[in-house]
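To be precise, the following lines are my_file.pdb, and they hold PDB, C-alpha atoms.
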ATOM      1  CA  MET A 494     100.213  13.686 -35.006
ATOM      2  CA  ARG A 495      98.038  16.017 -33.001
ATOM      3  CA  LEU A 496      94.897  14.387 -31.599
ATOM      4  CA  GLY A 497      91.958  15.837 -29.728
ATOM      5  CA  VAL A 498      89.593  14.157 -27.290
ATOM      6  CA  LEU A 499      86.264  15.722 -26.396
ATOM      7  CA  ASP A 500      84.945  14.331 -23.108
ATOM      8  CA  VAL A 501      81.267  15.085 -22.396
ATOM      9  CA  GLY A 502      81.140  14.162 -18.732
ATOM     10  CA  SER A 503      78.497  14.515 -16.055
ATOM     11  CA  ASN A 504      80.383  17.372 -14.383
ATOM     12  CA  THR A 505      82.768  18.785 -16.956
ATOM     13  CA  VAL A 506      82.909  18.997 -20.736
ATOM     14  CA  HIS A 507      86.578  18.945 -21.679
ATOM     15  CA  LEU A 508      88.553  19.274 -24.891
ATOM     16  CA  LEU A 509      92.087  17.933 -24.494
ATOM     17  CA  VAL A 510      94.596  18.330 -27.331
ATOM     18  CA  MET A 511      97.530  15.926 -27.269
ATOM     19  CA  ASP A 512     100.635  15.340 -29.366
ATOM     20  CA  ALA A 513     100.963  11.608 -29.898
ATOM     21  CA  HIS A 514     101.999   8.789 -32.159
ATOM     22  CA  GLN A 515     101.953   5.029 -31.896
ATOM     23  CA  GLY A 516     104.392   3.683 -29.326
ATOM     24  CA  ALA A 517     104.950   7.069 -27.666
ATOM     25  CA  ARG A 518     103.568   8.719 -24.549
ATOM     26  CA  PRO A 519     100.813  11.233 -25.419
ATOM     27  CA  LEU A 520     101.794  14.739 -24.364
ATOM     28  CA  PRO A 521      99.118  17.309 -23.435
ATOM     29  CA  ALA A 522      99.309  20.380 -25.654
ATOM     30  CA  TYR A 523      96.145  22.335 -24.839
ATOM     31  CA  SER A 524      93.118  22.058 -22.568
ATOM     32  CA  HIS A 525      89.745  23.775 -22.740
ATOM     33  CA  LYS A 526      86.929  22.857 -20.358
ATOM     34  CA  GLU A 527      83.752  24.036 -18.712
ATOM     35  CA  GLU A 528      82.044  22.760 -15.574
ATOM     36  CA  MET A 529      78.692  22.354 -17.294
ATOM     37  CA  ARG A 530      77.151  19.904 -14.775
ATOM     38  CA  LEU A 531      74.975  18.185 -17.340
ATOM     39  CA  ALA A 532      73.707  15.777 -14.674
ATOM     40  CA  GLU A 533      72.019  18.722 -12.970
ATOM     41  CA  HIS A 534      70.229  19.507 -16.248
ATOM     42  CA  LEU A 535      68.393  16.172 -16.261
ATOM     43  CA  VAL A 536      64.706  17.035 -15.915
ATOM     44  CA  ASN A 537      62.851  14.442 -13.836
ATOM     45  CA  GLY A 538      66.116  12.553 -13.737
ATOM     46  CA  ASP A 539      65.970  11.276 -17.316
ATOM     47  CA  ARG A 540      65.675  14.105 -19.854
ATOM     48  CA  LEU A 541      68.348  16.662 -20.678
ATOM     49  CA  SER A 542      66.865  20.134 -20.481
ATOM     50  CA  ASP A 543      66.756  22.548 -23.410
ATOM     51  CA  GLU A 544      69.239  24.759 -21.576
ATOM     52  CA  GLY A 545      71.648  21.876 -21.034
ATOM     53  CA  ALA A 546      71.368  20.791 -24.657
ATOM     54  CA  ALA A 547      71.958  24.338 -25.904
ATOM     55  CA  ARG A 548      75.027  24.796 -23.719
ATOM     56  CA  LEU A 549      76.445  21.495 -24.942
ATOM     57  CA  ARG A 550      75.894  22.426 -28.600
ATOM     58  CA  THR A 551      77.618  25.760 -28.036
ATOM     59  CA  PHE A 552      80.603  24.132 -26.363
ATOM     60  CA  VAL A 553      81.022  21.508 -29.081
ATOM     61  CA  ALA A 554      80.949  24.166 -31.807
ATOM     62  CA  GLU A 555      83.553  26.149 -29.873
ATOM     63  CA  ALA A 556      85.660  23.006 -29.376
ATOM     64  CA  VAL A 557      85.647  22.393 -33.134
ATOM     65  CA  ARG A 558      86.960  25.902 -33.763
ATOM     66  CA  ILE A 559      89.659  25.512 -31.114
ATOM     67  CA  ALA A 560      90.687  22.102 -32.430
ATOM     68  CA  GLU A 561      91.065  23.524 -35.920
ATOM     69  CA  ASP A 562      93.075  26.465 -34.584
ATOM     70  CA  LYS A 563      95.376  24.084 -32.699
ATOM     71  CA  GLY A 564      95.975  21.910 -35.750
ATOM     72  CA  VAL A 565      94.131  18.820 -34.539
ATOM     73  CA  GLU A 566      94.115  16.090 -37.202
ATOM     74  CA  ASP A 567      91.690  13.716 -35.513
ATOM     75  CA  LEU A 568      89.043  14.448 -32.886
ATOM     76  CA  VAL A 569      87.626  11.625 -30.781
ATOM     77  CA  ALA A 570      84.424  12.585 -28.956
ATOM     78  CA  PHE A 571      82.559  10.631 -26.320
ATOM     79  CA  ALA A 572      79.858  11.084 -23.676
ATOM     80  CA  THR A 573      79.390   9.314 -20.362
ATOM     81  CA  SER A 574      76.605   8.822 -17.830
ATOM     82  CA  ALA A 575      74.709  12.135 -18.017
ATOM     83  CA  VAL A 576      74.022  11.758 -21.741
ATOM     84  CA  ARG A 577      73.756   7.978 -21.416
ATOM     85  CA  ASP A 578      70.976   8.393 -18.834
ATOM     86  CA  ALA A 579      69.052  11.003 -20.829
ATOM     87  CA  VAL A 580      66.125   9.637 -22.836
ATOM     88  CA  ASN A 581      66.712  12.401 -25.380
ATOM     89  CA  GLY A 582      70.490  12.002 -25.396
ATOM     90  CA  GLU A 583      70.737  10.348 -28.803
ATOM     91  CA  GLU A 584      68.442  12.990 -30.313
ATOM     92  CA  ILE A 585      70.624  15.789 -28.949
ATOM     93  CA  LEU A 586      73.826  14.151 -30.165
ATOM     94  CA  ALA A 587      72.302  13.647 -33.623
ATOM     95  CA  GLN A 588      71.541  17.369 -33.828
ATOM     96  CA  ILE A 589      75.053  18.235 -32.691
ATOM     97  CA  LYS A 590      76.459  15.952 -35.384
ATOM     98  CA  ALA A 591      74.281  17.647 -38.004
ATOM     99  CA  ASP A 592      75.425  21.096 -36.846
ATOM    100  CA  THR A 593      79.136  20.432 -36.235
ATOM    101  CA  ARG A 594      79.926  17.120 -37.959
ATOM    102  CA  VAL A 595      81.248  15.806 -34.666
ATOM    103  CA  ASP A 596      80.041  12.286 -33.925
ATOM    104  CA  ILE A 597      79.915  11.906 -30.137
ATOM    105  CA  GLN A 598      80.009   8.261 -29.078
ATOM    106  CA  VAL A 599      78.026   7.312 -25.964
ATOM    107  CA  LEU A 600      80.142   4.978 -23.862
ATOM    108  CA  SER A 601      78.656   2.270 -21.707
ATOM    109  CA  GLY A 602      79.771   2.100 -18.096
ATOM    110  CA  ASP A 603      81.754  -1.053 -18.859
ATOM    111  CA  ASP A 604      83.486   0.738 -21.747
ATOM    112  CA  GLU A 605      84.462   3.526 -19.367
ATOM    113  CA  GLY A 606      85.979   1.004 -16.988
ATOM    114  CA  ARG A 607      87.882  -0.815 -19.731
ATOM    115  CA  LEU A 608      89.328   2.328 -21.300
ATOM    116  CA  THR A 609      90.324   3.755 -17.932
ATOM    117  CA  PHE A 610      91.953   0.426 -17.103
ATOM    118  CA  LEU A 611      93.961   0.605 -20.354
ATOM    119  CA  ALA A 612      95.237   4.076 -19.428
ATOM    120  CA  VAL A 613      96.280   2.922 -15.957
ATOM    121  CA  ARG A 614      98.019  -0.176 -17.341
ATOM    122  CA  ARG A 615      99.983   1.918 -19.821
ATOM    123  CA  TRP A 616     100.944   4.410 -17.118
ATOM    124  CA  PHE A 617     102.222   1.864 -14.574
ATOM    125  CA  GLY A 618     103.285  -0.915 -16.958
ATOM    126  CA  TRP A 619     103.474  -4.681 -16.667
ATOM    127  CA  SER A 620     105.455  -4.621 -13.431
ATOM    128  CA  SER A 621     102.245  -3.761 -11.579
ATOM    129  CA  GLY A 622     100.974  -7.309 -12.080
ATOM    130  CA  ARG A 623      97.250  -7.674 -11.463
ATOM    131  CA  LEU A 624      95.684  -4.227 -11.374
ATOM    132  CA  LEU A 625      92.517  -3.165  -9.601
ATOM    133  CA  VAL A 626      91.290   0.223 -10.826
ATOM    134  CA  VAL A 627      88.603   2.301  -9.114
ATOM    135  CA  ASP A 628      87.191   5.433 -10.763
ATOM    136  CA  ILE A 629      84.503   7.710  -9.303
ATOM    137  CA  GLY A 630      82.928  10.060 -11.833
ATOM    138  CA  GLY A 631      80.022  12.448 -11.601
ATOM    139  CA  GLY A 632      77.435   9.835 -12.535
ATOM    140  CA  SER A 633      78.990   6.430 -12.023
ATOM    141  CA  LEU A 634      81.589   4.316 -10.258
ATOM    142  CA  GLU A 635      83.749   2.002 -12.362
ATOM    143  CA  ILE A 636      85.775  -0.913 -11.012
ATOM    144  CA  ALA A 637      88.033  -3.036 -13.226
ATOM    145  CA  SER A 638      90.569  -5.758 -12.569
ATOM    146  CA  GLY A 639      92.975  -7.635 -14.788
ATOM    147  CA  ILE A 640      96.452  -8.891 -15.588
ATOM    148  CA  ASP A 641      96.605  -7.641 -19.195
ATOM    149  CA  GLU A 642      95.661  -4.425 -21.009
ATOM    150  CA  GLU A 643      92.077  -5.633 -21.312
ATOM    151  CA  PRO A 644      90.598  -6.221 -17.838
ATOM    152  CA  ASP A 645      89.231  -9.601 -16.837
ATOM    153  CA  VAL A 646      86.209  -7.848 -15.376
ATOM    154  CA  ALA A 647      84.790  -4.313 -15.505
ATOM    155  CA  VAL A 648      81.672  -3.199 -13.656
ATOM    156  CA  SER A 649      79.848   0.109 -13.543
ATOM    157  CA  LEU A 650      77.507   1.252 -10.789
ATOM    158  CA  PRO A 651      75.316   4.390 -10.585
ATOM    159  CA  LEU A 652      77.351   5.710  -7.670
ATOM    160  CA  GLY A 653      78.829   8.895  -9.100
ATOM    161  CA  ALA A 654      79.553  11.723  -6.683
ATOM    162  CA  GLY A 655      77.290  14.230  -8.440
ATOM    163  CA  ARG A 656      74.390  11.816  -8.856
ATOM    164  CA  LEU A 657      74.455  10.774  -5.197
ATOM    165  CA  THR A 658      74.717  14.341  -3.916
ATOM    166  CA  ARG A 659      71.668  15.293  -5.954
ATOM    167  CA  ASP A 660      69.624  12.221  -5.047
ATOM    168  CA  TRP A 661      70.486  11.705  -1.374
ATOM    169  CA  PHE A 662      71.346  15.035   0.266
ATOM    170  CA  THR A 663      68.818  17.788   0.960
ATOM    171  CA  ALA A 664      70.872  20.138   3.154
ATOM    172  CA  ASP A 665      74.356  21.636   3.312
ATOM    173  CA  PRO A 666      75.894  19.995   5.252
ATOM    174  CA  PRO A 667      73.569  17.006   4.977
ATOM    175  CA  ASP A 668      71.721  15.540   7.928
ATOM    176  CA  PRO A 669      73.671  12.663   9.570
ATOM    177  CA  ASP A 670      70.775  10.322   8.804
ATOM    178  CA  GLU A 671      71.106  11.141   5.093
ATOM    179  CA  VAL A 672      74.820  10.408   5.194
ATOM    180  CA  ARG A 673      74.164   7.131   6.994
ATOM    181  CA  ALA A 674      71.502   6.149   4.459
ATOM    182  CA  LEU A 675      73.855   6.896   1.562
ATOM    183  CA  ARG A 676      76.586   4.892   3.261
ATOM    184  CA  ARG A 677      74.281   1.865   3.524
ATOM    185  CA  HIS A 678      73.199   2.245  -0.098
ATOM    186  CA  ALA A 679      76.760   2.568  -1.455
ATOM    187  CA  ARG A 680      77.990  -0.422   0.522
ATOM    188  CA  THR A 681      75.083  -2.592  -0.549
ATOM    189  CA  GLU A 682      75.668  -1.796  -4.222
ATOM    190  CA  ILE A 683      79.440  -2.268  -4.092
ATOM    191  CA  ALA A 684      79.235  -5.455  -2.011
ATOM    192  CA  ARG A 685      77.345  -7.143  -4.860
ATOM    193  CA  THR A 686      80.413  -6.767  -7.082
ATOM    194  CA  VAL A 687      83.097  -7.943  -4.663
ATOM    195  CA  GLY A 688      82.673 -11.616  -5.488
ATOM    196  CA  VAL A 689      82.526 -10.972  -9.233
ATOM    197  CA  VAL A 690      85.726  -8.929  -9.194
ATOM    198  CA  GLY A 691      87.487 -10.937  -6.511
ATOM    199  CA  ARG A 692      87.153 -14.305  -8.228
ATOM    200  CA  TYR A 693      90.101 -13.376 -10.455
ATOM    201  CA  GLY A 694      92.427 -12.952  -7.483
ATOM    202  CA  ARG A 695      93.815 -10.288  -5.210
ATOM    203  CA  PRO A 696      95.370  -7.264  -6.913
ATOM    204  CA  ASP A 697      99.096  -6.687  -6.845
ATOM    205  CA  HIS A 698      98.507  -2.975  -7.332
ATOM    206  CA  ALA A 699      95.366  -1.021  -6.420
ATOM    207  CA  VAL A 700      94.898   2.279  -8.246
ATOM    208  CA  ALA A 701      92.394   5.137  -8.246
ATOM    209  CA  THR A 702      91.701   7.712 -10.929
ATOM    210  CA  SER A 703      89.390  10.720 -11.294
ATOM    211  CA  LYS A 704      89.094  14.202  -9.883
ATOM    212  CA  THR A 705      87.277  12.932  -6.790
ATOM    213  CA  PHE A 706      90.127  10.646  -5.771
ATOM    214  CA  ARG A 707      92.750  13.274  -6.581
ATOM    215  CA  GLN A 708      91.013  15.763  -4.308
ATOM    216  CA  LEU A 709      90.584  13.235  -1.505
ATOM    217  CA  ALA A 710      94.261  12.300  -1.738
ATOM    218  CA  ARG A 711      95.258  15.960  -1.721
ATOM    219  CA  ILE A 712      93.332  16.852   1.443
ATOM    220  CA  ALA A 713      94.816  13.740   3.066
ATOM    221  CA  GLY A 714      98.318  15.034   2.407
ATOM    222  CA  ALA A 715      99.287  14.055  -1.150
ATOM    223  CA  ALA A 716     101.499  16.381  -3.176
ATOM    224  CA  PRO A 717      99.797  19.240  -5.045
ATOM    225  CA  SER A 718      99.396  19.085  -8.818
ATOM    226  CA  SER A 719     102.041  21.799  -9.166
ATOM    227  CA  GLU A 720     104.708  19.196  -8.323
ATOM    228  CA  GLY A 721     103.977  17.342 -11.567
ATOM    229  CA  SER A 722     102.540  14.042 -12.739
ATOM    230  CA  TYR A 723     105.475  11.847 -11.767
ATOM    231  CA  VAL A 724     105.275  12.410  -8.019
ATOM    232  CA  LYS A 725     103.840   9.340  -6.314
ATOM    233  CA  ARG A 726     100.493  10.106  -4.698
ATOM    234  CA  THR A 727      98.548   7.720  -2.489
ATOM    235  CA  LEU A 728      95.379   7.661  -0.433
ATOM    236  CA  ALA A 729      95.336   5.560   2.739
ATOM    237  CA  HIS A 730      92.010   4.102   3.820
ATOM    238  CA  GLU A 731      92.682   5.127   7.407
ATOM    239  CA  ASP A 732      93.075   8.764   6.354
ATOM    240  CA  LEU A 733      90.034   8.591   4.079
ATOM    241  CA  THR A 734      87.810   7.277   6.861
ATOM    242  CA  GLU A 735      88.854  10.146   9.101
ATOM    243  CA  TRP A 736      88.282  12.735   6.365
ATOM    244  CA  THR A 737      84.874  11.308   5.433
ATOM    245  CA  GLY A 738      83.704  12.036   8.964
ATOM    246  CA  ARG A 739      85.159  15.538   8.870
ATOM    247  CA  LEU A 740      83.679  16.339   5.466
ATOM    248  CA  SER A 741      80.211  15.289   6.621
ATOM    249  CA  ALA A 742      80.189  18.152   9.134
ATOM    250  CA  MET A 743      81.432  20.801   6.683
ATOM    251  CA  PRO A 744      79.265  22.933   4.394
ATOM    252  CA  ALA A 745      80.379  23.065   0.775
ATOM    253  CA  ALA A 746      81.892  26.538   1.203
ATOM    254  CA  GLU A 747      84.202  25.245   3.914
ATOM    255  CA  ARG A 748      85.197  22.192   1.864
ATOM    256  CA  ALA A 749      86.116  24.522  -1.015
ATOM    257  CA  GLU A 750      88.798  26.071   1.212
ATOM    258  CA  LEU A 751      90.602  22.740   1.589
ATOM    259  CA  PRO A 752      93.791  22.255  -0.465
ATOM    260  CA  GLY A 753      93.116  21.047  -3.982
ATOM    261  CA  VAL A 754      89.314  21.224  -3.729
ATOM    262  CA  SER A 755      87.580  23.341  -6.364
ATOM    263  CA  ALA A 756      84.479  25.337  -5.500
ATOM    264  CA  GLY A 757      82.573  23.591  -8.274
ATOM    265  CA  ARG A 758      83.303  20.111  -6.875
ATOM    266  CA  ALA A 759      83.110  20.872  -3.163
ATOM    267  CA  ALA A 760      79.411  20.049  -2.802
ATOM    268  CA  GLN A 761      79.843  16.502  -4.109
ATOM    269  CA  LEU A 762      83.113  15.667  -2.362
ATOM    270  CA  LEU A 763      81.387  14.082   0.639
ATOM    271  CA  ALA A 764      79.369  11.665  -1.500
ATOM    272  CA  GLY A 765      82.554  10.779  -3.351
ATOM    273  CA  ALA A 766      84.325  10.134  -0.052
ATOM    274  CA  VAL A 767      81.498   7.871   1.133
ATOM    275  CA  VAL A 768      81.776   5.771  -2.039
ATOM    276  CA  ALA A 769      85.593   5.700  -1.929
ATOM    277  CA  ASP A 770      85.532   4.632   1.724
ATOM    278  CA  ALA A 771      83.063   1.849   0.932
ATOM    279  CA  ALA A 772      85.099   0.566  -2.018
ATOM    280  CA  MET A 773      88.375   0.532  -0.105
ATOM    281  CA  ASP A 774      86.769  -1.204   2.869
ATOM    282  CA  LEU A 775      84.829  -3.857   0.945
ATOM    283  CA  PHE A 776      87.712  -4.682  -1.394
ATOM    284  CA  GLU A 777      90.140  -4.605   1.561
ATOM    285  CA  LEU A 778      92.409  -1.967   0.062
ATOM    286  CA  PRO A 779      94.554  -0.251   2.705
ATOM    287  CA  VAL A 780      96.105   2.115   0.122
ATOM    288  CA  LEU A 781      95.259   3.319  -3.374
ATOM    289  CA  GLU A 782      97.833   4.904  -5.652
ATOM    290  CA  ILE A 783      96.545   7.823  -7.704
ATOM    291  CA  CYS A 784      97.059   7.595 -11.460
ATOM    292  CA  PRO A 785      97.151  10.845 -13.462
ATOM    293  CA  TRP A 786      95.792   9.088 -16.559
ATOM    294  CA  ALA A 787      92.143   8.061 -16.838
ATOM    295  CA  LEU A 788      89.352   7.788 -19.414
ATOM    296  CA  ARG A 789      90.448  10.580 -21.771
ATOM    297  CA  GLU A 790      93.940   9.144 -22.054
ATOM    298  CA  GLY A 791      92.453   5.684 -22.536
ATOM    299  CA  MET A 792      90.459   6.953 -25.506
ATOM    300  CA  ILE A 793      93.567   8.516 -27.039
ATOM    301  CA  LEU A 794      95.607   5.339 -26.513
ATOM    302  CA  ARG A 795      92.925   3.155 -28.060
ATOM    303  CA  ARG A 796      92.684   5.515 -31.012
ATOM    304  CA  LEU A 797      96.441   5.350 -31.528
ATOM    305  CA  ASP A 798      96.310   1.565 -31.385
ATOM    306  CA  ILE A 799      93.994   1.404 -34.398
ATOM    307  CA  LEU A 800      95.386   4.201 -36.585
ATOM    308  CA  PRO A 801      95.170   4.776 -39.447
ATOM    309  CA  VAL A 802      91.399   4.398 -39.782
ATOM    310  CA  GLY A 803      88.478   6.327 -41.247
ATOM    311  CA  ARG A 804      87.998  10.027 -41.570
ATOM    312  CA  PRO A 805      88.805  12.500 -38.840
ATOM    313  CA  ALA A 806      85.894  13.721 -36.752
ATOM    314  CA  ILE A 807      86.502  17.278 -37.949
ATOM    315  CA  ALA A 808      85.392  17.426 -41.559
ATOM    316  CA  ASP A 809      86.321  20.086 -44.078
ATOM    317  CA  GLN A 810      84.148  23.102 -43.537
TER     318      GLN A 810
END
Translate this structure into structure tokens?
Amino acid sequence: MRLGVLDVGSNTVHLLVMDAHQGARPLPAYSHKEEMRLAEHLVNGDRLSDEGAARLRTFVAEAVRIAEDKGVEDLVAFATSAVRDAVNGEEILAQIKADTRVDIQVLSGDDEGRLTFLAVRRWFGWSSGRLLVVDIGGGSLEIASGIDEEPDVAVSLPLGAGRLTRDWFTADPPDPDEVRALRRHARTEIARTVGVVGRYGRPDHAVATSKTFRQLARIAGAAPSSEGSYVKRTLAHEDLTEWTGRLSAMPAAERAELPGVSAGRAAQLLAGAVVADAAMDLFELPVLEICPWALREGMILRRLDILPVGRPAIADQ
């Protein structure tokens, strides 16, 4: 069947259409996305602006039309930290549901970690043993560890690259004291989770997902996306530490000229590098392997696991 997943993220709103059935690998068929930066539309840090809400409604309506045109049978829609943090998020989603009949589920941070972990487990398989998965989004950092498809532990911290750039940096490039302060903050927050995650044992395989990690791996020498999903890509902590220092001295425009770095994500790449460096150091991870699957694929896989259920998210018009 043809499934769609609508991901309302802090940076990007993304409709991904996939051909899939139970027991098979989902195959991407069509992608439509917009760098909406909903996190930047949070007024006073906790209310989604009228402009942000209007842009989201417009995109969802457009996504419904595209999904219908592409023959999508079932549309799974979810929102992450930007909507989760907004005091008016549920109100906005209720209006979108009334207008488009699309029910957007707000995921908790732990849910994000668990679904991302499922995607990574399915990608690498049982031979990976105990997995540790690290995912840096626009609004939050997720860390999960486990031996099965359901992690033993999943934690979520408000250490997303977009959130930290907005809250901690005032200049481009930021003042060294701001970078140092963010470094202390990130390490303090992550250190609190090391014992909780580590009590289940050392990982056999440490993995990273997300656009932030893909870009950091790319500038550190990993293969470009044009070489396909099956090329092994890794990020060494030694290389990341070096690049974190270099990125701190670059303005966003200069970062955008680096291989694999998009102009829209360049401003927040330094904050992402600071968090990634802290996580790799505190969890004693010399190397992370980059997984091409993440939260969206996890949602699709979970949906396939429970089919057939309910009505599709796109109702008859």
I'd like to see the residues matched by the PyMOL selection byres ((chain A and resi 515) around 12) on this file, and ideally I'd get them as a ChimeraX atom specification. /A:494-496,512-514,516-519,793-801
Counting only C-alpha atoms, which residues in segment 658-728 of chain A sit no more than 8 Å from segment 636-639 of chain A? For each one, give the nearest pair of atoms and the distance in Å, sorted by chain then residue number, as CSV.
residue,atom,partner,partner_atom,distance
A:Val690,CA,A:Ser638,CA,6.7
A:Tyr693,CA,A:Gly639,CA,7.7
A:Pro696,CA,A:Ser638,CA,7.6
Coordinates of box centre and edge lengths for segment 642-648 of chain A, 5 Å on every side, axis-aligned, as lines of an AutoDock Vina configuration file:
center_x = 88.7
center_y = -6.4
center_z = -17.5
size_x = 24.0
size_y = 16.4
size_z = 17.7
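Ranking A:Gly622, A:Pro644, A:Gly721, A:Gly753 by their shortest atom-to-atom distance to Leu608 of chain A, with only C-alpha atoms included, puts A:Pro644 first.
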Have a look at atom CA of Thr727 of chain A and atom CA of Asp770 of chain A and let me know their distance in Å, one decimal. 14.0 Å
Counting only C-alpha atoms, which residues in segment 589-688 of chain A sit no more than 12 Å from segment 536-558 of chain A? For each one, give the nearest pair of atoms and the distance in Å, sorted by chain then residue number, as JSON lines.
{"residue": "A:Ile589", "atom": "CA", "partner": "A:Arg550", "partner_atom": "CA", "distance": 5.9}
{"residue": "A:Lys590", "atom": "CA", "partner": "A:Arg550", "partner_atom": "CA", "distance": 9.4}
{"residue": "A:Ala591", "atom": "CA", "partner": "A:Arg550", "partner_atom": "CA", "distance": 10.7}
{"residue": "A:Asp592", "atom": "CA", "partner": "A:Ala554", "partner_atom": "CA", "distance": 8.1}
{"residue": "A:Thr593", "atom": "CA", "partner": "A:Ala554", "partner_atom": "CA", "distance": 6.1}
{"residue": "A:Arg594", "atom": "CA", "partner": "A:Val557", "partner_atom": "CA", "distance": 9.2}
{"residue": "A:Val595", "atom": "CA", "partner": "A:Val553", "partner_atom": "CA", "distance": 8.0}
{"residue": "A:Asp596", "atom": "CA", "partner": "A:Val553", "partner_atom": "CA", "distance": 10.5}
{"residue": "A:Ile597", "atom": "CA", "partner": "A:Val553", "partner_atom": "CA", "distance": 9.7}
{"residue": "A:Gly632", "atom": "CA", "partner": "A:Gly538", "partner_atom": "CA", "distance": 11.7}
{"residue": "A:Arg656", "atom": "CA", "partner": "A:Gly538", "partner_atom": "CA", "distance": 9.6}
{"residue": "A:Arg659", "atom": "CA", "partner": "A:Gly538", "partner_atom": "CA", "distance": 9.9}
{"residue": "A:Asp660", "atom": "CA", "partner": "A:Gly538", "partner_atom": "CA", "distance": 9.4}
Could you expand the PyMOL selection byres ((chain A and resi 771) around 8) into the explicit residues it covers here, written as a VMD selection string? chain A and resid 676 679 to 680 683 767 to 770 772 to 775
Coordinates-based distance that separates atom CA of Asp578 of chain A from atom CA of Ala759 of chain A (Å, one decimal): 23.4 Å
Excluding segment 703-719 of chain A and its own-chain neighbours fewer than 3 positions away, which residues fall within 9 Å of it when counting all atoms listed in the file? Please give them as JSON, numbers by chain. {"A": [627, 628, 629, 630, 631, 654, 722, 724, 725, 726, 727, 728, 729, 732, 733, 736, 751, 752, 753, 754, 755, 758, 761, 762, 765, 766, 769, 783, 784, 785, 786, 787, 788]}
Min atom-atom distance to Leu508 of chain A from the set A:Ser574, A:Thr734, A:Glu790, A:Val648, counting all atoms listed in the file, belongs to A:Glu790
Proximity to Leu600 of chain A - best of A:Met792, A:Val506, A:Ala674, A:Leu650, only C-alpha atoms: A:Met792
Looking at A:Ala701, A:Ala749, A:Val498, A:Leu763, which one is nearest to Leu675 of chain A, with distances taken over only C-alpha atoms?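 Going through A:Ala701, A:Ala749, A:Val498, A:Leu763 one by one, the smallest distance to Leu675 of chain A is for A:Leu763.
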All residues 7 Å or closer to Thr505 of chain A, all atoms listed in the file, same chain fewer than 5 positions away omitted, as number ranges by chain: A: 526-530
Those residues with C-alpha atoms, as an mmCIF file, in the coordinates of the input please?
data_model
loop_
_atom_site.group_PDB
_atom_site.id
_atom_site.type_symbol
_atom_site.label_atom_id
_atom_site.label_comp_id
_atom_site.auth_asym_id
_atom_site.auth_seq_id
_atom_site.Cartn_x
_atom_site.Cartn_y
_atom_site.Cartn_z
ATOM 1 C CA LYS A 526 86.929 22.857 -20.358
ATOM 2 C CA GLU A 527 83.752 24.036 -18.712
ATOM 3 C CA GLU A 528 82.044 22.760 -15.574
ATOM 4 C CA MET A 529 78.692 22.354 -17.294
ATOM 5 C CA ARG A 530 77.151 19.904 -14.775
#
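As for atom CA of Glu635 of chain A and atom CA of Asp670 of chain A, they are spaced 26.2 Å apart.
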Using all atoms listed in the file, the best pick from A:Gln598, A:Ser503, A:Asn581, A:Ser620 as closest to His698 of chain A would be A:Ser620
Looking at all atoms listed in the file, which of A:Ile640, A:Val510, A:Ala647, A:Ala699 is the one that sits closest to Asp562 of chain A? A:Val510
Could you list the residues chosen by the PyMOL selection byres ((chain A and resi 745) around 7) in this structure as a list of chain:residue names?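 For this structure, the PyMOL selection byres ((chain A and resi 745) around 7) captures A:Asp665, A:Met743, A:Pro744, A:Ala746, A:Glu747, A:Arg748, A:Ala749, A:Ala759, A:Ala760.
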